[in-house]
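Written out below as structure tokens is the structure these notes cover.
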Amino acid sequence: MLTYLTGYKNMETKETIYLGSHVGLSGPDFYLGSVKEALSYNSNTFMFYTGAPQNSIRKPLSELKIQEGRKLIKEAGIDESKLIVHAPYIINAANFSREDLYEMSINTIVNELRRTAGFGVKIMVLHPGSHVGMGSEAGILALAKALDLVFKVDGTDVKIAIETMAGKGHEIGITFEQVKAIIDKCEHKDRLGVCLDTCHISDAGYDVKNDFDGVIEKFDKIIGLDRLLVVHVNDSKNPIGAHKDRHENIGYGYLGFDTLYHVVHHPKLIGIPMILETPYVNEKAPYKQEIEMLRSGKFIDWRN
Ligand code: FE
Ligand code: FE
Ligand code: ZN
């Protein structure tokens, strides 16, 4: 067991903080390579797509070195229940004006849930989608109905974490009330949770920078913290309420290092996997430095 992974604790509560990043899933090592990539950043969790994010073409699981990857996960002492799959972002189940696309989205979600289970992963992040002019109320209903159809047939126990969105275009799931409405309208509530993205909620108008405690309180009151399954830790290139969704490296954006350190170490968020989706710089992943900084509390100006 690689004990260095278990040494990261919250200063006050002494509990383990689960911090990692998005990682790739490409040949020749596929899932084994994903795990190795995560370990190279000193992560103790990670998130991946089971294929290309922009389409639903998928390699069979038997080709993805899943056994080898899971063996390394065990050896490294990583808790598999903290790992995350992200569904491809071509899915849009929040609009039933085009029946063929709605059906494609439902089928893709089912397929992705089964693939997620095939990796031994228990949580899949899903973008709630776009109502494309139908209005957010209709969009919310469309998504809830789609999820019920999914949960009737998928045969897994993987939970879907609905991601909070920045409010670009016709997106739904921008406010906590909308996310709560999606859950309320779904019959299979036990299969639903939430993914809180710090860039998205700041862009959506929540004051992450100056009052994250207040934001968490609001989340707890409206949705309930027991629904929070994963946090995406990203800085934002834009100020509060910008509705842009452009991620920035930790400490180089509007939110800043101190705010995001506070998020990662927040006593009410202990145990929840924290995933970085910050941009590459000069084709290099920033995650090793960012994880080091967010663990230690010391900002390093590594970009300059
Ligand atoms: Fe996302
Ligand atoms: Fe995100
Ligand atoms: Zn985003």
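Chain identifiers are assigned as A, B, and so on, following the order in which chains appear in the structure tokens; residues are numbered from 1 within each chain, and ligands are numbered from 1 in order of appearance.
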Strand (DSSP E) residues, from DSSP on the backbone, in segment 28-116 of chain A, as a VMD selection string: chain A and resid 45 to 48 84 to 86
Please, which residues have at least one atom within 10 Å of an atom of ligand 2, using only C-alpha atoms and all ligand atoms, listed as a compact mmCIF listing (two decimals) with N, CA and C atoms, in the first residue's frame?
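Now in out09.txt:
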# COMPACT_ATOMS: atom_id res chain seq x y z
N HIS A 22 -9.64 15.50 -13.15
CA HIS A 22 -10.01 14.80 -14.36
C HIS A 22 -8.77 14.10 -14.91
N HIS A 86 -17.72 10.92 -15.68
CA HIS A 86 -18.50 12.04 -16.24
C HIS A 86 -19.17 11.55 -17.51
N VAL A 125 -21.45 11.83 -13.09
CA VAL A 125 -21.87 13.23 -13.22
C VAL A 125 -22.59 13.42 -14.56
N LEU A 126 -23.71 14.14 -14.52
CA LEU A 126 -24.47 14.41 -15.74
C LEU A 126 -24.82 15.89 -15.81
N HIS A 127 -24.58 16.51 -16.97
CA HIS A 127 -25.05 17.88 -17.18
C HIS A 127 -26.56 17.82 -17.41
N GLU A 163 -25.06 18.06 -12.35
CA GLU A 163 -24.10 19.15 -12.15
C GLU A 163 -24.80 20.51 -12.24
N THR A 164 -24.44 21.39 -11.32
CA THR A 164 -24.94 22.76 -11.33
C THR A 164 -24.30 23.52 -12.50
N MET A 165 -25.09 24.23 -13.28
CA MET A 165 -24.58 24.86 -14.50
C MET A 165 -24.42 26.38 -14.37
N ALA A 166 -23.61 26.93 -15.30
CA ALA A 166 -23.25 28.36 -15.22
C ALA A 166 -24.34 29.29 -15.76
N CYS A 195 -23.68 17.44 -8.22
CA CYS A 195 -22.28 17.82 -8.37
C CYS A 195 -22.21 19.34 -8.38
N LEU A 196 -21.50 19.88 -7.38
CA LEU A 196 -21.40 21.34 -7.24
C LEU A 196 -20.10 21.79 -7.91
N ASP A 197 -20.20 22.64 -8.92
CA ASP A 197 -19.00 23.14 -9.63
C ASP A 197 -18.78 24.60 -9.23
N THR A 198 -17.63 24.88 -8.60
CA THR A 198 -17.41 26.22 -8.04
C THR A 198 -17.37 27.31 -9.12
N CYS A 199 -16.82 26.99 -10.29
CA CYS A 199 -16.83 27.97 -11.40
C CYS A 199 -18.26 28.22 -11.85
N HIS A 200 -19.02 27.13 -12.02
CA HIS A 200 -20.38 27.27 -12.53
C HIS A 200 -21.28 28.06 -11.57
N ILE A 201 -21.22 27.73 -10.27
CA ILE A 201 -22.15 28.42 -9.36
C ILE A 201 -21.78 29.89 -9.19
N VAL A 230 -20.29 15.13 -5.18
CA VAL A 230 -18.98 15.50 -5.72
C VAL A 230 -18.91 17.02 -5.88
N VAL A 231 -17.70 17.57 -5.71
CA VAL A 231 -17.46 19.00 -5.93
C VAL A 231 -16.43 19.14 -7.05
N HIS A 232 -16.73 19.96 -8.05
CA HIS A 232 -15.74 20.32 -9.07
C HIS A 232 -15.07 21.62 -8.61
N VAL A 233 -13.77 21.53 -8.35
CA VAL A 233 -13.04 22.69 -7.83
C VAL A 233 -12.33 23.38 -8.99
N ASN A 234 -12.89 24.50 -9.42
CA ASN A 234 -12.32 25.26 -10.54
C ASN A 234 -12.34 26.74 -10.20
N ASP A 245 -19.00 30.09 -17.95
CA ASP A 245 -18.43 28.74 -17.86
C ASP A 245 -17.05 28.64 -18.51
N HIS A 247 -13.35 27.86 -17.21
CA HIS A 247 -12.56 27.48 -16.04
C HIS A 247 -11.18 28.13 -16.09
N ILE A 275 -12.82 17.39 -7.32
CA ILE A 275 -12.20 17.12 -8.62
C ILE A 275 -11.84 18.42 -9.34
N LEU A 276 -10.59 18.53 -9.75
CA LEU A 276 -10.14 19.69 -10.52
C LEU A 276 -10.40 19.47 -12.01
N GLU A 277 -10.93 20.50 -12.65
CA GLU A 277 -11.12 20.49 -14.12
C GLU A 277 -10.54 21.77 -14.70
N THR A 278 -9.38 22.14 -14.22
CA THR A 278 -8.76 23.40 -14.63
C THR A 278 -7.99 23.18 -15.93
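Candidate residues A:Tyr31, A:Ile240, A:Phe299, A:Met124 were compared for distance to ligand 1, and the nearest is A:Met124, using only C-alpha atoms and all ligand atoms.
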Per-residue DSSP, segment 13-195 of chain A, filtered to alpha helix (DSSP H), as an MDAnalysis selection string: chainID A and resid 30:40 66:75 99:118 136:153 176:185
Selection near segment 211-215 of chain A, 9 Å with only C-alpha atoms, sequence-local residues under 2 positions removed, as JSON, numbers by chain: {"A": [206, 207, 208, 209, 217, 218, 219, 220, 259, 262, 263, 266]}
Dump of C-alpha atoms for the selected residues, as an mmCIF file, in the first residue's frame:
data_model
loop_
_atom_site.group_PDB
_atom_site.id
_atom_site.type_symbol
_atom_site.label_atom_id
_atom_site.label_comp_id
_atom_site.auth_asym_id
_atom_site.auth_seq_id
_atom_site.Cartn_x
_atom_site.Cartn_y
_atom_site.Cartn_z
ATOM 1 C CA TYR A 206 -23.727 32.543 -6.076
ATOM 2 C CA ASP A 207 -21.129 34.412 -4.012
ATOM 3 C CA VAL A 208 -18.514 31.676 -3.720
ATOM 4 C CA LYS A 209 -15.726 34.258 -3.439
ATOM 5 C CA GLU A 217 -26.015 26.957 3.909
ATOM 6 C CA LYS A 218 -28.326 27.793 1.006
ATOM 7 C CA PHE A 219 -27.507 24.492 -0.692
ATOM 8 C CA ASP A 220 -28.274 22.624 2.505
ATOM 9 C CA THR A 259 -11.465 30.833 -1.529
ATOM 10 C CA HIS A 262 -11.479 27.100 1.961
ATOM 11 C CA VAL A 263 -13.799 25.056 -0.299
ATOM 12 C CA HIS A 266 -14.608 23.094 4.400
#
Long-range neighbours of Ser105 of chain A as a PyMOL selection string, 8 Å cut-off, only C-alpha atoms, 4 positions minimum in chain: chain A and resi 90-93+101+109
Give me a file of those residues, with C-alpha atoms, as a PDB file, in the first residue's frame.
ATOM      1  CA  ILE A  90     -23.662  15.370 -26.167  1.00  0.00           C
ATOM      2  CA  ILE A  91     -26.520  14.125 -23.988  1.00  0.00           C
ATOM      3  CA  ASN A  92     -29.482  16.477 -23.774  1.00  0.00           C
ATOM      4  CA  ALA A  93     -32.481  14.990 -22.010  1.00  0.00           C
ATOM      5  CA  LEU A 101     -32.527  13.164 -29.813  1.00  0.00           C
ATOM      6  CA  ILE A 109     -27.352   7.587 -20.225  1.00  0.00           C
TER       7      ILE A 109
END
Straight-line distance linking atom CA of Ala146 of chain A with atom CA of Ile223 of chain A, stated in Å to one decimal: 20.4 Å
Nearest to ligand 3 by atom-to-atom distance, counting only C-alpha atoms and all ligand atoms, from A:Ile222, A:Phe96, A:Ser296, A:Tyr89: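 Distance minimum relative to ligand 3 lands on A:Tyr89.
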